[in-house]
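Colleague: Here you go, data15.pdb (PDB, C-alpha atoms):
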```pdb
ATOM      1  CA  VAL L   1     -42.953  95.352  20.507
ATOM      2  CA  SER L   2     -41.153  92.777  18.387
ATOM      3  CA  PHE L   3     -42.765  89.359  18.282
ATOM      4  CA  THR L   4     -40.772  86.215  17.598
ATOM      5  CA  ASP L   5     -41.916  83.730  14.971
ATOM      6  CA  SER L   6     -43.109  81.475  17.798
ATOM      7  CA  ASP L   7     -45.237  84.281  19.275
ATOM      8  CA  LEU L   8     -46.834  84.935  15.896
ATOM      9  CA  ILE L   9     -47.472  81.238  15.276
ATOM     10  CA  ALA L  10     -49.131  80.942  18.682
ATOM     11  CA  ARG L  11     -51.402  83.893  17.846
ATOM     12  CA  VAL L  12     -52.362  82.336  14.524
ATOM     13  CA  LEU L  13     -53.175  79.016  16.158
ATOM     14  CA  SER L  14     -55.096  80.425  19.091
ATOM     15  CA  ARG L  15     -56.945  83.333  17.441
ATOM     16  CA  GLU L  16     -56.719  82.601  13.731
ATOM     17  CA  ASP L  17     -54.975  85.978  13.551
ATOM     18  CA  GLN L  18     -54.437  86.898   9.890
ATOM     19  CA  HIS L  19     -52.336  89.935  10.810
ATOM     20  CA  ALA L  20     -49.918  87.728  12.708
ATOM     21  CA  PHE L  21     -49.697  85.390   9.752
ATOM     22  CA  GLY L  22     -49.189  88.375   7.451
ATOM     23  CA  GLU L  23     -46.194  89.366   9.558
ATOM     24  CA  LEU L  24     -44.774  85.846   9.181
ATOM     25  CA  VAL L  25     -45.243  86.083   5.410
ATOM     26  CA  ARG L  26     -43.575  89.508   5.336
ATOM     27  CA  ARG L  27     -40.573  88.156   7.233
ATOM     28  CA  HIS L  28     -40.068  85.038   5.137
ATOM     29  CA  GLN L  29     -41.322  85.966   1.676
ATOM     30  CA  SER L  30     -37.945  87.053   0.343
ATOM     31  CA  PRO L  31     -35.930  83.845   0.928
ATOM     32  CA  VAL L  32     -38.849  81.630  -0.085
ATOM     33  CA  ARG L  33     -39.466  83.541  -3.311
ATOM     34  CA  ALA L  34     -35.751  83.678  -4.108
ATOM     35  CA  PHE L  35     -35.412  79.928  -3.499
ATOM     36  CA  LEU L  36     -38.339  79.172  -5.795
ATOM     37  CA  ALA L  37     -37.129  81.610  -8.434
ATOM     38  CA  ARG L  38     -33.834  79.717  -8.578
ATOM     39  CA  LEU L  39     -35.573  76.357  -8.702
ATOM     40  CA  THR L  40     -37.791  77.500 -11.573
ATOM     41  CA  ARG L  41     -34.718  78.792 -13.426
ATOM     42  CA  GLY L  42     -35.707  82.422 -13.074
ATOM     43  CA  ASP L  43     -39.422  82.169 -13.859
ATOM     44  CA  ALA L  44     -40.457  84.858 -11.380
ATOM     45  CA  HIS L  45     -44.150  84.582 -12.179
ATOM     46  CA  LEU L  46     -44.261  80.834 -11.549
ATOM     47  CA  ALA L  47     -42.037  81.240  -8.496
ATOM     48  CA  ASP L  48     -44.449  83.765  -6.987
ATOM     49  CA  ASP L  49     -47.416  81.506  -7.692
ATOM     50  CA  LEU L  50     -45.632  78.645  -5.942
ATOM     51  CA  ALA L  51     -44.609  80.934  -3.087
ATOM     52  CA  GLN L  52     -48.227  81.979  -2.619
ATOM     53  CA  GLU L  53     -49.284  78.308  -2.568
ATOM     54  CA  THR L  54     -46.502  77.647  -0.067
ATOM     55  CA  PHE L  55     -47.815  80.241   2.376
ATOM     56  CA  LEU L  56     -51.425  79.142   1.904
ATOM     57  CA  LYS L  57     -50.383  75.555   2.719
ATOM     58  CA  ALA L  58     -48.457  76.854   5.724
ATOM     59  CA  TRP L  59     -51.607  78.650   6.915
ATOM     60  CA  GLN L  60     -53.690  75.496   6.620
ATOM     61  CA  LYS L  61     -51.126  73.136   8.136
ATOM     62  CA  LEU L  62     -49.639  75.395  10.774
ATOM     63  CA  GLN L  63     -50.814  73.161  13.618
ATOM     64  CA  THR L  64     -48.508  70.434  12.271
ATOM     65  CA  TYR L  65     -45.441  72.654  12.744
ATOM     66  CA  ARG L  66     -43.796  71.156  15.806
ATOM     67  CA  GLY L  67     -41.232  73.855  16.486
ATOM     68  CA  GLY L  68     -38.335  71.388  16.375
ATOM     69  CA  ALA L  69     -36.941  72.972  13.237
ATOM     70  CA  ARG L  70     -36.720  76.643  12.384
ATOM     71  CA  PHE L  71     -39.908  78.038  10.870
ATOM     72  CA  SER L  72     -37.974  79.032   7.749
ATOM     73  CA  THR L  73     -36.748  75.450   7.332
ATOM     74  CA  TRP L  74     -40.325  74.203   7.583
ATOM     75  CA  LEU L  75     -41.380  76.743   4.944
ATOM     76  CA  PHE L  76     -38.565  75.711   2.594
ATOM     77  CA  GLY L  77     -39.824  72.136   2.892
ATOM     78  CA  ILE L  78     -43.332  73.149   1.831
ATOM     79  CA  ALA L  79     -41.909  75.295  -0.969
ATOM     80  CA  TYR L  80     -39.818  72.424  -2.293
ATOM     81  CA  ASN L  81     -42.857  70.134  -2.247
ATOM     82  CA  GLU L  82     -44.849  72.723  -4.175
ATOM     83  CA  PHE L  83     -42.031  72.902  -6.717
ATOM     84  CA  ARG L  84     -41.973  69.109  -7.078
ATOM     85  CA  MET L  85     -45.719  69.030  -7.638
ATOM     86  CA  ALA L  86     -45.344  71.765 -10.251
ATOM     87  CA  CYS L  87     -42.641  69.659 -11.918
ATOM     88  CA  ARG L  88     -45.088  66.813 -12.269
ATOM     89  CA  ARG L  89     -47.614  69.149 -13.856
ATOM     90  CA  ARG L  90     -45.145  70.947 -16.114
ATOM     91  CA  LYS L  91     -42.639  68.801 -17.910
ATOM     92  CA  GLU L  92     -40.276  71.636 -18.771
ATOM     93  CA  LEU L  93     -39.386  71.933 -15.110
ATOM     94  CA  ALA L  94     -38.603  68.248 -14.813
ATOM     95  CA  LEU L  95     -35.894  67.202 -12.413
ATOM     96  CA  GLU L  96     -33.737  65.636 -15.088
ATOM     97  CA  ASP L  97     -29.979  66.083 -15.093
ATOM     98  CA  VAL L  98     -28.552  68.712 -17.333
ATOM     99  CA  ASP L  99     -26.375  67.224 -20.026
ATOM    100  CA  GLU L 100     -22.925  67.611 -18.534
ATOM    101  CA  SER L 101     -21.326  67.748 -21.964
ATOM    102  CA  SER L 102     -22.882  71.202 -22.263
ATOM    103  CA  LEU L 103     -20.504  72.300 -19.549
ATOM    104  CA  ALA L 104     -17.437  70.972 -21.246
ATOM    105  CA  SER L 105     -18.227  71.936 -24.810
ATOM    106  CA  GLU L 106     -18.843  75.580 -24.180
ATOM    107  CA  GLU L 107     -16.133  78.163 -24.131
ATOM    108  CA  PRO L 108     -15.063  78.901 -20.569
ATOM    109  CA  ALA L 109     -17.012  81.788 -19.183
ATOM    110  CA  VAL L 110     -15.016  84.903 -18.510
ATOM    111  CA  ALA L 111     -15.352  85.446 -14.820
ATOM    112  CA  ARG L 112     -14.684  89.101 -14.690
ATOM    113  CA  ASP L 113     -16.069  91.066 -11.770
ATOM    114  CA  SER L 114     -18.771  92.886 -13.677
ATOM    115  CA  HIS L 115     -20.058  89.687 -15.230
ATOM    116  CA  LEU L 116     -19.517  87.323 -12.343
ATOM    117  CA  ARG L 117     -22.964  87.706 -10.855
ATOM    118  CA  LEU L 118     -24.688  87.262 -14.207
ATOM    119  CA  ASP L 119     -22.472  84.254 -14.950
ATOM    120  CA  LEU L 120     -23.395  82.660 -11.643
ATOM    121  CA  THR L 121     -27.104  83.176 -12.306
ATOM    122  CA  GLU L 122     -26.749  81.456 -15.648
ATOM    123  CA  ALA L 123     -24.452  78.756 -14.265
ATOM    124  CA  LEU L 124     -26.986  77.886 -11.546
ATOM    125  CA  LYS L 125     -29.521  77.129 -14.268
ATOM    126  CA  LEU L 126     -27.242  74.359 -15.530
ATOM    127  CA  LEU L 127     -27.471  72.402 -12.289
ATOM    128  CA  ASN L 128     -30.208  69.866 -11.939
ATOM    129  CA  SER L 129     -32.948  70.743  -9.483
ATOM    130  CA  ASN L 130     -31.611  68.584  -6.659
ATOM    131  CA  GLU L 131     -28.138  70.108  -6.898
ATOM    132  CA  ARG L 132     -29.500  73.622  -7.228
ATOM    133  CA  ALA L 133     -31.810  73.211  -4.241
ATOM    134  CA  ALA L 134     -29.013  71.797  -2.053
ATOM    135  CA  VAL L 135     -26.547  74.524  -3.056
ATOM    136  CA  MET L 136     -29.147  77.257  -2.559
ATOM    137  CA  LEU L 137     -30.249  76.029   0.843
ATOM    138  CA  CYS L 138     -26.804  75.433   2.312
ATOM    139  CA  CYS L 139     -24.554  77.955   0.585
ATOM    140  CA  GLN L 140     -26.989  80.826   0.192
ATOM    141  CA  ASN L 141     -29.609  80.438   2.906
ATOM    142  CA  GLY L 142     -27.246  79.092   5.557
ATOM    143  CA  LEU L 143     -29.084  75.865   6.347
ATOM    144  CA  SER L 144     -27.072  73.025   7.812
ATOM    145  CA  HIS L 145     -26.723  69.845   5.777
ATOM    146  CA  GLU L 146     -29.109  68.159   8.204
ATOM    147  CA  GLU L 147     -31.720  70.872   7.752
ATOM    148  CA  ALA L 148     -31.356  70.674   3.971
ATOM    149  CA  ALA L 149     -31.818  66.905   4.107
ATOM    150  CA  GLN L 150     -35.007  67.495   6.061
ATOM    151  CA  VAL L 151     -36.255  70.066   3.550
ATOM    152  CA  LEU L 152     -35.383  67.961   0.520
ATOM    153  CA  ASP L 153     -36.579  64.740   2.168
ATOM    154  CA  CYS L 154     -33.442  62.821   1.234
ATOM    155  CA  PRO L 155     -30.480  61.236   3.041
ATOM    156  CA  LEU L 156     -27.749  63.453   4.449
ATOM    157  CA  GLY L 157     -25.161  61.865   2.152
ATOM    158  CA  THR L 158     -27.241  62.744  -0.898
ATOM    159  CA  VAL L 159     -27.325  66.393   0.140
ATOM    160  CA  LYS L 160     -23.562  66.478   0.577
ATOM    161  CA  THR L 161     -23.028  64.791  -2.775
ATOM    162  CA  ASN L 162     -25.392  67.208  -4.527
ATOM    163  CA  ILE L 163     -23.617  70.187  -3.002
ATOM    164  CA  LEU L 164     -20.197  68.877  -4.049
ATOM    165  CA  ARG L 165     -21.358  68.094  -7.580
ATOM    166  CA  GLY L 166     -23.258  71.350  -7.891
ATOM    167  CA  LYS L 167     -20.374  73.485  -6.749
ATOM    168  CA  GLU L 168     -17.975  71.605  -8.989
ATOM    169  CA  LYS L 169     -20.217  72.313 -11.971
ATOM    170  CA  LEU L 170     -20.425  75.967 -10.995
ATOM    171  CA  ARG L 171     -16.643  76.218 -10.741
ATOM    172  CA  GLN L 172     -16.261  74.494 -14.073
ATOM    173  CA  LYS L 173     -18.773  76.795 -15.701
ATOM    174  CA  LEU L 174     -17.394  79.924 -14.201
ATOM    175  CA  SER L 175     -13.753  78.919 -14.657
ATOM    176  CA  LEU L 176     -13.305  80.785 -11.492
ATOM    177  CA  ASP L 177      -9.772  81.964 -10.855
ATOM    178  CA  TYR L 178      -9.822  82.090  -7.090
ATOM    179  CA  LYS L 179      -6.652  84.088  -6.720
ATOM    180  CA  ASN L 180      -7.815  86.726  -9.159
ATOM    181  CA  TYR L 181     -11.211  86.867  -7.517
ATOM    182  CA  GLU L 182      -9.772  87.238  -4.060
ATOM    183  CA  SER L 183      -7.471  89.996  -5.146
ATOM    184  CA  ALA L 184     -10.302  91.835  -6.952
TER     185      ALA L 184
ATOM    186  CA  MET V   1     -24.750  74.905  11.127
ATOM    187  CA  ASN V   2     -22.033  73.945   8.721
ATOM    188  CA  PRO V   3     -18.635  75.502   9.290
ATOM    189  CA  PRO V   4     -18.498  78.494   6.944
ATOM    190  CA  GLU V   5     -16.145  77.955   4.053
ATOM    191  CA  THR V   6     -14.709  81.410   4.285
ATOM    192  CA  ASN V   7     -11.886  80.647   1.882
ATOM    193  CA  ASP V   8     -14.155  79.531  -0.925
ATOM    194  CA  PRO V   9     -14.927  82.483  -3.224
ATOM    195  CA  LEU V  10     -17.815  80.525  -4.708
ATOM    196  CA  ASP V  11     -19.557  80.492  -1.327
ATOM    197  CA  ALA V  12     -18.884  84.202  -0.969
ATOM    198  CA  LEU V  13     -20.332  84.822  -4.408
ATOM    199  CA  LEU V  14     -23.428  82.758  -3.631
ATOM    200  CA  ARG V  15     -23.998  84.601  -0.367
ATOM    201  CA  GLU V  16     -23.470  87.894  -2.143
ATOM    202  CA  GLN V  17     -26.265  86.996  -4.534
ATOM    203  CA  ASP V  18     -28.714  86.512  -1.691
ATOM    204  CA  LYS V  19     -30.459  89.853  -2.127
ATOM    205  CA  TYR V  20     -33.657  90.867  -0.378
ATOM    206  CA  ILE V  21     -36.701  90.648  -2.641
ATOM    207  CA  GLU V  22     -39.060  93.565  -2.085
ATOM    208  CA  ASP V  23     -42.529  92.566  -0.986
ATOM    209  CA  ASN V  24     -44.361  94.634  -3.648
ATOM    210  CA  GLY V  25     -47.792  93.563  -2.469
ATOM    211  CA  PHE V  26     -46.976  89.847  -2.171
ATOM    212  CA  THR V  27     -47.949  89.643   1.508
ATOM    213  CA  ALA V  28     -51.220  91.471   0.872
ATOM    214  CA  ARG V  29     -52.093  89.029  -1.924
ATOM    215  CA  VAL V  30     -51.384  86.031   0.304
ATOM    216  CA  VAL V  31     -53.396  87.417   3.225
ATOM    217  CA  ALA V  32     -56.305  88.261   0.909
ATOM    218  CA  ALA V  33     -56.329  84.667  -0.360
ATOM    219  CA  LEU V  34     -56.280  83.007   3.073
ATOM    220  CA  PRO V  35     -59.150  80.546   3.476
ATOM    221  CA  ARG V  36     -60.722  79.765   6.818
ATOM    222  CA  ARG V  37     -58.362  77.565   8.720
ATOM    223  CA  ARG V  38     -59.562  74.017   9.233
ATOM    224  CA  ARG V  39     -60.052  73.426  12.901
ATOM    225  CA  ALA V  40     -57.599  70.717  13.861
ATOM    226  CA  TRP V  41     -59.799  69.318  16.622
ATOM    227  CA  LEU V  42     -63.004  69.093  14.571
ATOM    228  CA  ARG V  43     -62.477  65.829  12.678
ATOM    229  CA  PRO V  44     -61.115  63.794  15.609
ATOM    230  CA  ALA V  45     -63.913  65.218  17.745
ATOM    231  CA  ILE V  46     -66.498  64.004  15.209
ATOM    232  CA  LEU V  47     -64.834  60.593  15.139
ATOM    233  CA  LEU V  48     -64.777  60.375  18.942
ATOM    234  CA  GLY V  49     -68.435  61.390  19.030
ATOM    235  CA  ALA V  50     -69.307  58.659  16.550
ATOM    236  CA  VAL V  51     -67.351  56.141  18.624
ATOM    237  CA  THR V  52     -69.217  57.202  21.760
ATOM    238  CA  ILE V  53     -72.599  56.849  20.061
ATOM    239  CA  GLY V  54     -71.517  53.474  18.645
ATOM    240  CA  SER V  55     -70.482  52.323  22.115
ATOM    241  CA  VAL V  56     -73.819  53.308  23.628
ATOM    242  CA  LEU V  57     -75.746  51.556  20.855
ATOM    243  CA  ALA V  58     -73.566  48.475  21.126
ATOM    244  CA  ALA V  59     -74.032  48.347  24.892
ATOM    245  CA  GLY V  60     -77.797  48.613  24.526
ATOM    246  CA  TRP V  61     -78.450  46.422  21.535
ATOM    247  CA  LEU V  62     -75.961  43.607  21.636
ATOM    248  CA  PRO V  63     -77.346  40.451  23.283
ATOM    249  CA  TRP V  64     -74.919  40.492  26.194
ATOM    250  CA  GLY V  65     -77.125  38.320  28.412
ATOM    251  CA  ASN V  66     -77.891  35.725  25.747
ATOM    252  CA  LEU V  67     -74.434  35.117  24.382
ATOM    253  CA  PRO V  68     -73.765  31.378  24.026
ATOM    254  CA  VAL V  69     -70.961  29.860  26.012
ATOM    255  CA  LEU V  70     -67.773  30.000  24.043
ATOM    256  CA  ASP V  71     -65.757  26.915  24.908
ATOM    257  CA  SER V  72     -63.135  24.903  23.069
ATOM    258  CA  SER V  73     -65.627  22.363  21.721
ATOM    259  CA  ALA V  74     -67.691  25.161  20.146
ATOM    260  CA  LEU V  75     -64.569  26.653  18.646
ATOM    261  CA  LEU V  76     -63.332  23.342  17.275
ATOM    262  CA  SER V  77     -66.696  22.377  15.827
ATOM    263  CA  LEU V  78     -67.045  25.824  14.188
ATOM    264  CA  ASN V  79     -70.609  25.935  15.358
ATOM    265  CA  SER V  80     -71.996  29.023  13.637
ATOM    266  CA  GLN V  81     -74.827  29.422  16.147
ATOM    267  CA  VAL V  82     -72.199  29.885  18.843
ATOM    268  CA  LEU V  83     -69.571  31.718  16.847
ATOM    269  CA  MET V  84     -71.690  34.242  14.942
ATOM    270  CA  PRO V  85     -72.907  36.253  17.975
ATOM    271  CA  TRP V  86     -69.357  36.376  19.323
ATOM    272  CA  MET V  87     -67.961  37.454  15.943
ATOM    273  CA  LEU V  88     -70.521  40.240  15.939
ATOM    274  CA  VAL V  89     -69.427  41.346  19.403
ATOM    275  CA  PHE V  90     -65.730  41.202  18.477
ATOM    276  CA  SER V  91     -66.347  43.145  15.252
ATOM    277  CA  VAL V  92     -68.207  45.896  17.081
ATOM    278  CA  MET V  93     -65.564  46.087  19.830
ATOM    279  CA  ALA V  94     -62.715  46.140  17.284
ATOM    280  CA  SER V  95     -64.421  48.975  15.393
ATOM    281  CA  LEU V  96     -64.831  50.979  18.573
ATOM    282  CA  VAL V  97     -61.205  50.454  19.607
ATOM    283  CA  TRP V  98     -59.980  51.367  16.121
ATOM    284  CA  GLY V  99     -62.142  54.504  16.078
ATOM    285  CA  THR V 100     -60.899  55.597  19.484
ATOM    286  CA  ILE V 101     -57.224  55.072  18.608
ATOM    287  CA  SER V 102     -57.625  56.871  15.276
ATOM    288  CA  ALA V 103     -59.303  59.838  16.935
ATOM    289  CA  LEU V 104     -56.636  60.112  19.625
ATOM    290  CA  GLU V 105     -53.735  59.835  17.158
ATOM    291  CA  TRP V 106     -55.326  62.115  14.582
ATOM    292  CA  GLU V 107     -52.890  64.297  12.666
ATOM    293  CA  ASP V 108     -54.259  66.720  10.128
TER     294      ASP V 108
END
```
Written as structure tokens, that's how I'd like the structure from this file.
Modeller:
Amino acid sequence: VSFTDSDLIARVLSREDQHAFGELVRRHQSPVRAFLARLTRGDAHLADDLAQETFLKAWQKLQTYRGGARFSTWLFGIAYNEFRMACRRRKELALEDVDESSLASEEPAVARDSHLRLDLTEALKLLNSNERAAVMLCCQNGLSHEEAAQVLDCPLGTVKTNILRGKEKLRQKLSLDYKNYESA
Amino acid sequence: MNPPETNDPLDALLREQDKYIEDNGFTARVVAALPRRRRAWLRPAILLGAVTIGSVLAAGWLPWGNLPVLDSSALLSLNSQVLMPWMLVFSVMASLVWGTISALEWED
């Protein structure tokens, strides 16, 4: 029998069923951990700590989940809040903009197939946290702009701007030759 | 959902990078760390209980039968012997109303 997220949430709320919650964690751990790993610029240990805090908060506040948004969207919102709180505690994760001159001054990255993935990982680290979060949520996790605005607690226009700026920086960093890439 | 930008290789590359992260004991660690869930109804129930007790005490102890007549002359003269008992009654009633509304609109 396959339970939906809603079924599992109902079991957690009515019976305090830890197994049901464990199933929810199992289903959603990968995108949440990946999202936080990107936000923390690849610090997997910190990302996992934040992911664990995210799910513990979700456990405690589950009765406030209204079901209007997808459960994963609600989780991303908690995860982003945990990241912001970690930023306040740890200055090296601060949400400051990356110096854009660092994009222009460097030699263009060679976007060959074998290096493209590694280049993208590095290029994502150059985005500021708001841009990275917006790009990750919409372009990688398939959230709508509206859902991303809800997760990031900012206006819709800000999300769109951050995605445009973020992707432009990625293109600039990768010096992506679309025609070559498509033909590869 | 946003219309997929199928022609943008950057989007394709980003989606391609979305790899599944193996659990490797993560779920077990989270479940082991779960605290007892706070019961959502407990705090508003306590507040409602306190409001009920307060209402009963107010009904029994306030001098309902001996309240002075509150007319415009008493209000204008700011006669404390008239106003003070009424202020006490209004304060108690306002507290009870506030407690009831807070309990009913409680969000954890």
Colleague: Range 39-56 of chain V: which residues within 12 Å, counting only C-alpha atoms, same-chain residues fewer than 4 positions away excluded, as a ChimeraX atom specification?
Modeller: /L:12-16,59-64 /V:35,60-62,89,92-108
Colleague: Name the residues that the PyMOL selection byres ((chain L and resi 54) around 8) picks from the file above, as a list in words, using the file's chain letters and numbers.
Modeller: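 This file, filtered by the PyMOL selection byres ((chain L and resi 54) around 8), leaves Leu50, Ala51, Gln52, Glu53, Phe55, Leu56, Lys57, Ala58, Leu75, Ile78, Ala79 and Glu82 of chain L.
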Colleague: Go ahead and dump the residues you just picked, C-alpha atoms, as a PDB file, keeping the file's coordinate frame.
Modeller:
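Saved result, selection-v1.pdb, follows:
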```pdb
ATOM      1  CA  LEU L  50     -45.632  78.645  -5.942  1.00  0.00           C
ATOM      2  CA  ALA L  51     -44.609  80.934  -3.087  1.00  0.00           C
ATOM      3  CA  GLN L  52     -48.227  81.979  -2.619  1.00  0.00           C
ATOM      4  CA  GLU L  53     -49.284  78.308  -2.568  1.00  0.00           C
ATOM      5  CA  PHE L  55     -47.815  80.241   2.376  1.00  0.00           C
ATOM      6  CA  LEU L  56     -51.425  79.142   1.904  1.00  0.00           C
ATOM      7  CA  LYS L  57     -50.383  75.555   2.719  1.00  0.00           C
ATOM      8  CA  ALA L  58     -48.457  76.854   5.724  1.00  0.00           C
ATOM      9  CA  LEU L  75     -41.380  76.743   4.944  1.00  0.00           C
ATOM     10  CA  ILE L  78     -43.332  73.149   1.831  1.00  0.00           C
ATOM     11  CA  ALA L  79     -41.909  75.295  -0.969  1.00  0.00           C
ATOM     12  CA  GLU L  82     -44.849  72.723  -4.175  1.00  0.00           C
TER      13      GLU L  82
END
```
Colleague: Tell me the residues of chain L close to chain V, meaning within 9 Å using all atoms listed in the file, as a short mmCIF file (atom, residue, chain, number, x, y, z; two decimals) with C-alpha atoms, in the frame of the given file.
Modeller:
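And here is the file that came out, out.cif:
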```
data_model
loop_
_atom_site.label_atom_id
_atom_site.label_comp_id
_atom_site.auth_asym_id
_atom_site.auth_seq_id
_atom_site.Cartn_x
_atom_site.Cartn_y
_atom_site.Cartn_z
CA GLU L 16 -56.72 82.60 13.73
CA GLN L 18 -54.44 86.90 9.89
CA HIS L 19 -52.34 89.94 10.81
CA PHE L 21 -49.70 85.39 9.75
CA GLY L 22 -49.19 88.38 7.45
CA GLU L 23 -46.19 89.37 9.56
CA VAL L 25 -45.24 86.08 5.41
CA ARG L 26 -43.58 89.51 5.34
CA GLN L 29 -41.32 85.97 1.68
CA SER L 30 -37.94 87.05 0.34
CA PRO L 31 -35.93 83.84 0.93
CA ARG L 33 -39.47 83.54 -3.31
CA ALA L 34 -35.75 83.68 -4.11
CA ASP L 48 -44.45 83.76 -6.99
CA GLN L 52 -48.23 81.98 -2.62
CA GLU L 53 -49.28 78.31 -2.57
CA PHE L 55 -47.82 80.24 2.38
CA LEU L 56 -51.42 79.14 1.90
CA TRP L 59 -51.61 78.65 6.92
CA GLN L 60 -53.69 75.50 6.62
CA LYS L 61 -51.13 73.14 8.14
CA GLN L 63 -50.81 73.16 13.62
CA THR L 64 -48.51 70.43 12.27
CA LEU L 116 -19.52 87.32 -12.34
CA ARG L 117 -22.96 87.71 -10.86
CA LEU L 120 -23.40 82.66 -11.64
CA THR L 121 -27.10 83.18 -12.31
CA VAL L 135 -26.55 74.52 -3.06
CA MET L 136 -29.15 77.26 -2.56
CA CYS L 138 -26.80 75.43 2.31
CA CYS L 139 -24.55 77.96 0.58
CA GLN L 140 -26.99 80.83 0.19
CA ASN L 141 -29.61 80.44 2.91
CA GLY L 142 -27.25 79.09 5.56
CA LEU L 143 -29.08 75.86 6.35
CA SER L 144 -27.07 73.03 7.81
CA HIS L 145 -26.72 69.84 5.78
CA GLU L 146 -29.11 68.16 8.20
CA GLU L 147 -31.72 70.87 7.75
CA LYS L 167 -20.37 73.48 -6.75
CA LEU L 170 -20.42 75.97 -11.00
CA ARG L 171 -16.64 76.22 -10.74
CA LEU L 176 -13.30 80.78 -11.49
CA TYR L 178 -9.82 82.09 -7.09
CA TYR L 181 -11.21 86.87 -7.52
CA GLU L 182 -9.77 87.24 -4.06
#
```
Colleague: One decimal, in Å: what's the spacing between CA of Val151 in chain L and CA of Trp74 in chain L?
Modeller: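 According to the coordinates, CA of Val151 in chain L and CA of Trp74 in chain L are separated by 7.1 Å.
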Colleague: What is the distance, in Å and to one decimal place, between CA of Glu131 in chain L and CA of Ile163 in chain L?
Modeller: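 CA of Glu131 in chain L sits 6.0 Å away from CA of Ile163 in chain L.
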